[in-house]
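K.L.:
Contents are TSV, N, CA and C atoms; file name query_31.tsv:
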chain	number	residue	atom	x	y	z
A	227	ILE	N	-0.52	18.26	-11.54
A	227	ILE	CA	-1.74	19.04	-11.58
A	227	ILE	C	-1.47	20.26	-12.44
A	228	ARG	N	-2.38	20.50	-13.39
A	228	ARG	CA	-2.29	21.68	-14.25
A	228	ARG	C	-3.67	22.30	-14.33
A	229	GLY	N	-3.74	23.63	-14.32
A	229	GLY	CA	-5.03	24.29	-14.41
A	229	GLY	C	-4.90	25.79	-14.39
A	230	GLY	N	-5.99	26.44	-14.06
A	230	GLY	CA	-6.00	27.88	-14.04
A	230	GLY	C	-7.10	28.45	-13.19
A	231	TYR	N	-7.06	29.78	-13.05
A	231	TYR	CA	-8.04	30.50	-12.25
A	231	TYR	C	-8.35	31.81	-12.93
A	232	GLU	N	-9.62	32.11	-13.12
A	232	GLU	CA	-10.07	33.36	-13.72
A	232	GLU	C	-10.49	34.30	-12.59
A	233	THR	N	-9.74	35.38	-12.40
A	233	THR	CA	-10.00	36.27	-11.28
A	233	THR	C	-11.37	36.94	-11.33
A	234	ALA	N	-11.77	37.40	-12.51
A	234	ALA	CA	-13.04	38.13	-12.63
A	234	ALA	C	-14.24	37.26	-12.25
A	235	SER	N	-14.28	36.03	-12.74
A	235	SER	CA	-15.43	35.14	-12.49
A	235	SER	C	-15.21	34.23	-11.28
A	236	ARG	N	-13.98	34.20	-10.74
A	236	ARG	CA	-13.59	33.31	-9.63
A	236	ARG	C	-13.75	31.84	-10.01
A	237	GLU	N	-13.66	31.56	-11.30
A	237	GLU	CA	-13.78	30.20	-11.82
A	237	GLU	C	-12.40	29.55	-11.85
A	238	CYS	N	-12.34	28.28	-11.44
A	238	CYS	CA	-11.08	27.55	-11.46
A	238	CYS	C	-11.30	26.20	-12.15
A	239	TYR	N	-10.21	25.69	-12.68
A	239	TYR	CA	-10.27	24.40	-13.38
A	239	TYR	C	-8.87	23.80	-13.34
A	240	TRP	N	-8.83	22.49	-13.20
A	240	TRP	CA	-7.54	21.81	-13.23
A	240	TRP	C	-7.73	20.35	-13.56
A	241	THR	N	-6.64	19.75	-13.99
A	241	THR	CA	-6.60	18.32	-14.29
A	241	THR	C	-5.54	17.69	-13.41
A	242	LYS	N	-5.91	16.66	-12.70
A	242	LYS	CA	-4.97	15.90	-11.87
A	242	LYS	C	-4.68	14.61	-12.61
A	243	THR	N	-3.41	14.39	-12.95
A	243	THR	CA	-3.02	13.21	-13.72
A	243	THR	C	-2.30	12.23	-12.80
A	244	TYR	N	-2.78	10.99	-12.78
A	244	TYR	CA	-2.13	9.93	-12.02
A	244	TYR	C	-1.20	9.19	-12.97
A	245	ILE	N	0.11	9.17	-12.65
A	245	ILE	CA	1.10	8.53	-13.51
A	245	ILE	C	0.71	7.07	-13.74
A	246	GLY	N	0.64	6.70	-15.01
A	246	GLY	CA	0.29	5.33	-15.36
A	246	GLY	C	-1.18	5.02	-15.15
A	247	GLY	N	-1.98	6.04	-14.88
A	247	GLY	CA	-3.39	5.81	-14.57
A	247	GLY	C	-4.31	6.69	-15.39
A	248	HIS	N	-5.14	7.43	-14.71
A	248	HIS	CA	-6.18	8.21	-15.36
A	248	HIS	C	-6.06	9.69	-15.00
A	249	ASP	N	-6.85	10.51	-15.65
A	249	ASP	CA	-6.94	11.93	-15.34
A	249	ASP	C	-8.26	12.20	-14.63
A	250	VAL	N	-8.26	13.18	-13.74
A	250	VAL	CA	-9.49	13.65	-13.11
A	250	VAL	C	-9.59	15.14	-13.43
A	251	PHE	N	-10.72	15.55	-14.00
A	251	PHE	CA	-10.96	16.93	-14.38
A	251	PHE	C	-11.82	17.60	-13.31
A	252	TYR	N	-11.39	18.78	-12.87
A	252	TYR	CA	-12.10	19.53	-11.85
A	252	TYR	C	-12.54	20.88	-12.42
A	253	HIS	N	-13.71	21.34	-12.05
A	253	HIS	CA	-14.21	22.66	-12.45
A	253	HIS	C	-14.95	23.23	-11.26
A	254	GLY	N	-14.55	24.42	-10.83
A	254	GLY	CA	-15.17	24.96	-9.63
A	254	GLY	C	-15.19	26.46	-9.60
A	255	PHE	N	-15.67	26.98	-8.47
A	255	PHE	CA	-15.81	28.42	-8.26
A	255	PHE	C	-15.32	28.77	-6.87
A	256	GLY	N	-14.55	29.85	-6.77
A	256	GLY	CA	-14.05	30.32	-5.48
A	256	GLY	C	-15.10	31.17	-4.77
A	257	GLU	N	-15.19	30.97	-3.47
A	257	GLU	CA	-16.06	31.78	-2.61
A	257	GLU	C	-15.22	32.22	-1.42
A	258	ASP	N	-15.80	33.02	-0.56
A	258	ASP	CA	-15.06	33.49	0.61
A	258	ASP	C	-14.62	32.34	1.51
A	259	ASN	N	-15.39	31.26	1.52
A	259	ASN	CA	-15.10	30.12	2.41
A	259	ASN	C	-14.43	28.96	1.71
A	260	GLY	N	-13.94	29.10	0.49
A	260	GLY	CA	-13.25	28.01	-0.17
A	260	GLY	C	-13.64	27.88	-1.62
A	261	ILE	N	-13.55	26.67	-2.13
A	261	ILE	CA	-13.84	26.34	-3.53
A	261	ILE	C	-14.83	25.19	-3.56
A	262	TRP	N	-15.82	25.24	-4.44
A	262	TRP	CA	-16.76	24.13	-4.64
A	262	TRP	C	-16.90	23.90	-6.12
A	263	GLY	N	-17.27	22.70	-6.50
A	263	GLY	CA	-17.46	22.41	-7.92
A	263	GLY	C	-17.70	20.94	-8.18
A	264	THR	N	-17.32	20.51	-9.38
A	264	THR	CA	-17.52	19.12	-9.78
A	264	THR	C	-16.21	18.52	-10.27
A	265	TRP	N	-16.14	17.20	-10.21
A	265	TRP	CA	-15.01	16.46	-10.75
A	265	TRP	C	-15.54	15.41	-11.71
A	266	GLU	N	-14.69	14.99	-12.64
A	266	GLU	CA	-15.10	13.97	-13.61
A	266	GLU	C	-13.90	13.14	-14.04
A	267	ILE	N	-14.10	11.83	-14.06
A	267	ILE	CA	-13.16	10.90	-14.69
A	267	ILE	C	-13.86	10.48	-15.97
A	268	PRO	N	-13.19	10.61	-17.13
A	268	PRO	CA	-13.87	10.27	-18.39
A	268	PRO	C	-14.61	8.93	-18.29
A	269	GLY	N	-15.78	8.91	-18.81
A	269	GLY	CA	-16.68	7.76	-18.68
A	269	GLY	C	-17.88	8.21	-17.88
A	270	ASP	N	-18.28	7.40	-16.93
A	270	ASP	CA	-19.48	7.72	-16.15
A	270	ASP	C	-19.15	7.96	-14.68
A	271	ASN	N	-17.99	8.53	-14.41
A	271	ASN	CA	-17.58	8.77	-13.03
A	271	ASN	C	-17.51	10.28	-12.79
A	272	HIS	N	-18.33	10.78	-11.87
A	272	HIS	CA	-18.35	12.21	-11.59
A	272	HIS	C	-18.99	12.47	-10.23
A	273	GLY	N	-18.77	13.66	-9.73
A	273	GLY	CA	-19.35	14.01	-8.44
A	273	GLY	C	-19.03	15.45	-8.09
A	274	GLY	N	-19.29	15.81	-6.85
A	274	GLY	CA	-19.04	17.16	-6.38
A	274	GLY	C	-17.92	17.19	-5.36
A	275	PHE	N	-17.35	18.38	-5.17
A	275	PHE	CA	-16.31	18.54	-4.16
A	275	PHE	C	-16.44	19.91	-3.51
A	276	ARG	N	-15.85	20.03	-2.35
A	276	ARG	CA	-15.74	21.31	-1.66
A	276	ARG	C	-14.42	21.32	-0.91
A	277	ILE	N	-13.66	22.39	-1.07
A	277	ILE	CA	-12.38	22.56	-0.38
A	277	ILE	C	-12.49	23.84	0.43
A	278	TRP	N	-12.20	23.78	1.73
A	278	TRP	CA	-12.32	24.96	2.56
A	278	TRP	C	-11.19	24.96	3.59
A	279	PRO	N	-10.83	26.13	4.09
A	279	PRO	CA	-9.74	26.21	5.08
A	279	PRO	C	-10.19	25.70	6.44
A	280	LYS	N	-9.23	25.27	7.22
A	280	LYS	CA	-9.52	24.85	8.58
A	280	LYS	C	-9.94	26.06	9.40
A	281	ALA	N	-10.75	25.81	10.40
A	281	ALA	CA	-11.11	26.86	11.35
A	281	ALA	C	-9.91	27.12	12.25
A	282	LEU	N	-9.82	28.30	12.82
A	282	LEU	CA	-8.73	28.65	13.70
A	282	LEU	C	-8.63	27.61	14.83
A	283	GLY	N	-7.47	26.99	14.97
A	283	GLY	CA	-7.25	26.01	16.02
A	283	GLY	C	-7.65	24.59	15.65
A	284	GLU	N	-8.35	24.41	14.53
A	284	GLU	CA	-8.79	23.08	14.12
A	284	GLU	C	-7.57	22.22	13.78
A	285	GLY	N	-7.52	21.02	14.32
A	285	GLY	CA	-6.44	20.09	14.03
A	285	GLY	C	-5.19	20.28	14.87
A	286	GLU	N	-5.21	21.24	15.79
A	286	GLU	CA	-4.05	21.42	16.65
A	286	GLU	C	-3.84	20.17	17.49
A	287	GLY	N	-2.60	19.77	17.64
A	287	GLY	CA	-2.29	18.59	18.43
A	287	GLY	C	-2.34	17.31	17.61
A	288	ILE	N	-2.82	17.41	16.38
A	288	ILE	CA	-2.84	16.23	15.50
A	288	ILE	C	-1.71	16.40	14.49
A	289	HIS	N	-0.85	15.41	14.44
A	289	HIS	CA	0.28	15.50	13.53
A	289	HIS	C	0.30	14.27	12.63
A	290	ALA	N	0.06	14.48	11.36
A	290	ALA	CA	0.12	13.38	10.40
A	290	ALA	C	1.57	13.22	9.95
A	291	THR	N	2.00	11.97	9.82
A	291	THR	CA	3.34	11.71	9.33
A	291	THR	C	3.27	10.69	8.20
A	292	HIS	N	4.19	10.82	7.30
A	292	HIS	CA	4.31	9.85	6.23
A	292	HIS	C	5.71	9.94	5.66
A	293	GLU	N	6.14	8.87	5.03
A	293	GLU	CA	7.45	8.87	4.39
A	293	GLU	C	7.30	9.24	2.94
A	294	GLU	N	8.19	10.09	2.47
A	294	GLU	CA	8.18	10.48	1.06
A	294	GLU	C	8.83	9.36	0.25
A	295	GLU	N	8.17	9.00	-0.85
A	295	GLU	CA	8.78	8.03	-1.75
A	295	GLU	C	9.73	8.76	-2.68
A	296	ALA	N	10.76	8.07	-3.09
A	296	ALA	CA	11.73	8.65	-4.02
A	296	ALA	C	11.05	8.84	-5.38
A	297	PRO	N	11.35	9.93	-6.09
A	297	PRO	CA	10.74	10.13	-7.40
A	297	PRO	C	11.13	9.02	-8.35
A	298	CYS	N	10.29	8.76	-9.32
A	298	CYS	CA	10.58	7.72	-10.29
A	298	CYS	C	10.26	8.24	-11.68
A	299	ASP	N	10.85	7.63	-12.69
A	299	ASP	CA	10.58	7.97	-14.08
A	299	ASP	C	9.26	7.39	-14.50
A	300	ALA	N	8.49	8.14	-15.29
A	300	ALA	CA	7.25	7.64	-15.85
A	300	ALA	C	7.60	6.80	-17.08
A	301	VAL	N	7.07	5.59	-17.14
A	301	VAL	CA	7.35	4.69	-18.24
A	301	VAL	C	6.04	4.28	-18.87
A	302	ALA	N	5.94	4.45	-20.19
A	302	ALA	CA	4.72	4.06	-20.89
A	302	ALA	C	4.98	2.78	-21.67
A	303	GLY	N	3.99	1.92	-21.68
A	303	GLY	CA	4.07	0.69	-22.44
A	303	GLY	C	3.13	0.76	-23.64
A	304	ALA	N	3.15	-0.25	-24.44
A	304	ALA	CA	2.27	-0.30	-25.60
A	304	ALA	C	0.82	-0.43	-25.14
A	305	ALA	N	-0.08	0.25	-25.84
A	305	ALA	CA	-1.50	0.16	-25.51
A	305	ALA	C	-2.00	-1.23	-25.86
A	306	VAL	N	-2.85	-1.76	-25.01
A	306	VAL	CA	-3.43	-3.09	-25.28
A	306	VAL	C	-4.91	-2.98	-25.47
Do you think you could lay out the structure here as structure tokens?
P.N.:
Amino acid sequence: IRGGYETASRECYWTKTYIGGHDVFYHGFGEDNGIWGTWEIPGDNHGGFRIWPKALGEGEGIHATHEEEAPCDAVAGAAV
């Protein structure tokens, strides 16, 4: 993920790159309760998003677990 944040306008933008896949472009604005904006995958794929913090005590007692995969090298093949 690469991007930036403009403090004066509270504008944020970033690109999330999936290795061997596609990029998703995000553009949003910070508010007191989180960030909202739009996302786009080049072509005709787009929508809105909202990211906000949990409320005090929200999610207590719930523990998500997952196994970390070992890092791997990115390998590019010839374009077809």
K.L.:
Find the spatial neighbours of A:Trp262, counting only C-alpha atoms, within a cut-off of 7 Å - ignore same-chain residues fewer than 3 positions away - and output them as JSON, numbers by chain.
P.N.:
{"A": [254, 255, 256, 275, 276, 277]}
K.L.:
As an exercise, work out the distance from atom N of A:Trp278 to atom C of A:Asp249 in Å and give it to one decimal place.
P.N.:
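Interatomic distance here is 20.4 Å.
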K.L.:
May I ask for the distance between atom CA of A:Glu295 and atom CA of A:Thr241, given in Å to one decimal place?
P.N.:
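Taking atom CA of A:Glu295 and atom CA of A:Thr241, their separation equals 22.4 Å.
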K.L.:
Report, in Å with one decimal, the straight-line distance from atom CA of A:His248 to atom CA of A:Pro297.
P.N.:
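Straight-line distance from atom CA of A:His248 to atom CA of A:Pro297 works out to 18.8 Å.
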K.L.:
Based on DSSP run over this structure's backbone, return all residues of chain A in strand (DSSP E or B), as an NGL selection string.
P.N.:
:A and (228-232 or 237-243 or 249-257 or 260-267 or 271-277)
K.L.:
Near A:Trp265, counting all atoms listed in the file, which residues have an atom at most 6 Å away, once you skip same-chain residues fewer than 3 positions from it, shown as a list in words?
P.N.:
Phe251, Tyr252, His253, Asn271, His272, Gly273, Gly274 and Phe275 of chain A
K.L.:
May I ask which of the residues A:Lys280, A:Trp240, A:Val250, A:Ile245 is the closest one to A:Pro268, counting all atoms listed in the file?
P.N.:
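Among the listed residues, the smallest separation from A:Pro268 belongs to A:Val250.
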K.L.:
Give me stretch 271-282 of chain A with all heavy atoms filled in, as a PDB file, in the frame of the given file.
P.N.:
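See rebuild-v7.pdb below for the written result:
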ATOM      1  N   ASN A 271     -17.990   8.530 -14.410  1.00  0.00           N
ATOM      2  CA  ASN A 271     -17.580   8.770 -13.030  1.00  0.00           C
ATOM      3  C   ASN A 271     -17.510  10.280 -12.790  1.00  0.00           C
ATOM      4  O   ASN A 271     -16.712  10.972 -13.420  1.00  0.00           O
ATOM      5  CB  ASN A 271     -16.210   8.149 -12.751  1.00  0.00           C
ATOM      6  CG  ASN A 271     -16.235   6.658 -12.949  1.00  0.00           C
ATOM      7  OD1 ASN A 271     -16.970   5.973 -12.277  1.00  0.00           O
ATOM      8  ND2 ASN A 271     -15.441   6.170 -13.877  1.00  0.00           N
ATOM      9  N   HIS A 272     -18.330  10.780 -11.870  1.00  0.00           N
ATOM     10  CA  HIS A 272     -18.350  12.210 -11.590  1.00  0.00           C
ATOM     11  C   HIS A 272     -18.990  12.470 -10.230  1.00  0.00           C
ATOM     12  O   HIS A 272     -19.623  11.589  -9.666  1.00  0.00           O
ATOM     13  CB  HIS A 272     -19.126  12.961 -12.680  1.00  0.00           C
ATOM     14  CG  HIS A 272     -20.542  12.490 -12.819  1.00  0.00           C
ATOM     15  ND1 HIS A 272     -20.883  11.403 -13.572  1.00  0.00           N
ATOM     16  CD2 HIS A 272     -21.690  12.929 -12.275  1.00  0.00           C
ATOM     17  CE1 HIS A 272     -22.188  11.211 -13.495  1.00  0.00           C
ATOM     18  NE2 HIS A 272     -22.700  12.121 -12.708  1.00  0.00           N
ATOM     19  N   GLY A 273     -18.770  13.660  -9.730  1.00  0.00           N
ATOM     20  CA  GLY A 273     -19.350  14.010  -8.440  1.00  0.00           C
ATOM     21  C   GLY A 273     -19.030  15.450  -8.090  1.00  0.00           C
ATOM     22  O   GLY A 273     -18.536  16.204  -8.915  1.00  0.00           O
ATOM     23  N   GLY A 274     -19.290  15.810  -6.850  1.00  0.00           N
ATOM     24  CA  GLY A 274     -19.040  17.160  -6.380  1.00  0.00           C
ATOM     25  C   GLY A 274     -17.920  17.190  -5.360  1.00  0.00           C
ATOM     26  O   GLY A 274     -17.559  16.172  -4.787  1.00  0.00           O
ATOM     27  N   PHE A 275     -17.350  18.380  -5.170  1.00  0.00           N
ATOM     28  CA  PHE A 275     -16.310  18.540  -4.160  1.00  0.00           C
ATOM     29  C   PHE A 275     -16.440  19.910  -3.510  1.00  0.00           C
ATOM     30  O   PHE A 275     -17.070  20.812  -4.054  1.00  0.00           O
ATOM     31  CB  PHE A 275     -14.911  18.370  -4.751  1.00  0.00           C
ATOM     32  CG  PHE A 275     -14.475  19.527  -5.611  1.00  0.00           C
ATOM     33  CD1 PHE A 275     -13.833  20.619  -5.054  1.00  0.00           C
ATOM     34  CD2 PHE A 275     -14.699  19.530  -6.980  1.00  0.00           C
ATOM     35  CE1 PHE A 275     -13.437  21.696  -5.839  1.00  0.00           C
ATOM     36  CE2 PHE A 275     -14.296  20.586  -7.774  1.00  0.00           C
ATOM     37  CZ  PHE A 275     -13.664  21.676  -7.201  1.00  0.00           C
ATOM     38  N   ARG A 276     -15.850  20.030  -2.350  1.00  0.00           N
ATOM     39  CA  ARG A 276     -15.740  21.310  -1.660  1.00  0.00           C
ATOM     40  C   ARG A 276     -14.420  21.320  -0.910  1.00  0.00           C
ATOM     41  O   ARG A 276     -14.082  20.353  -0.211  1.00  0.00           O
ATOM     42  CB  ARG A 276     -16.895  21.491  -0.669  1.00  0.00           C
ATOM     43  CG  ARG A 276     -16.824  22.826   0.030  1.00  0.00           C
ATOM     44  CD  ARG A 276     -18.085  23.106   0.856  1.00  0.00           C
ATOM     45  NE  ARG A 276     -17.899  24.356   1.569  1.00  0.00           N
ATOM     46  CZ  ARG A 276     -17.983  24.485   2.882  1.00  0.00           C
ATOM     47  NH1 ARG A 276     -18.283  23.438   3.628  1.00  0.00           N
ATOM     48  NH2 ARG A 276     -17.782  25.648   3.454  1.00  0.00           N
ATOM     49  N   ILE A 277     -13.660  22.390  -1.070  1.00  0.00           N
ATOM     50  CA  ILE A 277     -12.380  22.560  -0.380  1.00  0.00           C
ATOM     51  C   ILE A 277     -12.490  23.840   0.430  1.00  0.00           C
ATOM     52  O   ILE A 277     -12.841  24.886  -0.110  1.00  0.00           O
ATOM     53  CB  ILE A 277     -11.217  22.682  -1.394  1.00  0.00           C
ATOM     54  CG1 ILE A 277     -11.160  21.446  -2.300  1.00  0.00           C
ATOM     55  CG2 ILE A 277      -9.899  22.887  -0.658  1.00  0.00           C
ATOM     56  CD1 ILE A 277     -10.207  21.595  -3.468  1.00  0.00           C
ATOM     57  N   TRP A 278     -12.200  23.780   1.730  1.00  0.00           N
ATOM     58  CA  TRP A 278     -12.320  24.960   2.560  1.00  0.00           C
ATOM     59  C   TRP A 278     -11.190  24.960   3.590  1.00  0.00           C
ATOM     60  O   TRP A 278     -10.656  23.902   3.926  1.00  0.00           O
ATOM     61  CB  TRP A 278     -13.679  25.033   3.250  1.00  0.00           C
ATOM     62  CG  TRP A 278     -13.943  23.926   4.221  1.00  0.00           C
ATOM     63  CD1 TRP A 278     -13.755  23.962   5.568  1.00  0.00           C
ATOM     64  CD2 TRP A 278     -14.425  22.602   3.923  1.00  0.00           C
ATOM     65  NE1 TRP A 278     -14.095  22.753   6.137  1.00  0.00           N
ATOM     66  CE2 TRP A 278     -14.511  21.899   5.139  1.00  0.00           C
ATOM     67  CE3 TRP A 278     -14.781  21.953   2.746  1.00  0.00           C
ATOM     68  CZ2 TRP A 278     -14.928  20.576   5.205  1.00  0.00           C
ATOM     69  CZ3 TRP A 278     -15.203  20.630   2.814  1.00  0.00           C
ATOM     70  CH2 TRP A 278     -15.275  19.970   4.036  1.00  0.00           C
ATOM     71  N   PRO A 279     -10.830  26.130   4.090  1.00  0.00           N
ATOM     72  CA  PRO A 279      -9.740  26.210   5.080  1.00  0.00           C
ATOM     73  C   PRO A 279     -10.190  25.700   6.440  1.00  0.00           C
ATOM     74  O   PRO A 279     -11.378  25.709   6.748  1.00  0.00           O
ATOM     75  CB  PRO A 279      -9.421  27.708   5.143  1.00  0.00           C
ATOM     76  CG  PRO A 279     -10.657  28.384   4.670  1.00  0.00           C
ATOM     77  CD  PRO A 279     -11.342  27.431   3.714  1.00  0.00           C
ATOM     78  N   LYS A 280      -9.230  25.270   7.220  1.00  0.00           N
ATOM     79  CA  LYS A 280      -9.520  24.850   8.580  1.00  0.00           C
ATOM     80  C   LYS A 280      -9.940  26.060   9.400  1.00  0.00           C
ATOM     81  O   LYS A 280      -9.499  27.178   9.160  1.00  0.00           O
ATOM     82  CB  LYS A 280      -8.275  24.256   9.239  1.00  0.00           C
ATOM     83  CG  LYS A 280      -7.876  22.915   8.720  1.00  0.00           C
ATOM     84  CD  LYS A 280      -6.675  22.437   9.496  1.00  0.00           C
ATOM     85  CE  LYS A 280      -6.222  21.085   9.054  1.00  0.00           C
ATOM     86  NZ  LYS A 280      -5.039  20.637   9.817  1.00  0.00           N
ATOM     87  N   ALA A 281     -10.750  25.810  10.400  1.00  0.00           N
ATOM     88  CA  ALA A 281     -11.110  26.860  11.350  1.00  0.00           C
ATOM     89  C   ALA A 281      -9.910  27.120  12.250  1.00  0.00           C
ATOM     90  O   ALA A 281      -9.065  26.245  12.453  1.00  0.00           O
ATOM     91  CB  ALA A 281     -12.315  26.441  12.175  1.00  0.00           C
ATOM     92  N   LEU A 282      -9.820  28.300  12.820  1.00  0.00           N
ATOM     93  CA  LEU A 282      -8.730  28.650  13.700  1.00  0.00           C
ATOM     94  C   LEU A 282      -8.630  27.610  14.830  1.00  0.00           C
ATOM     95  O   LEU A 282      -9.610  27.340  15.513  1.00  0.00           O
ATOM     96  CB  LEU A 282      -8.967  30.039  14.294  1.00  0.00           C
ATOM     97  CG  LEU A 282      -7.830  30.610  15.135  1.00  0.00           C
ATOM     98  CD1 LEU A 282      -6.561  30.712  14.297  1.00  0.00           C
ATOM     99  CD2 LEU A 282      -8.218  31.971  15.672  1.00  0.00           C
TER     100      LEU A 282
END
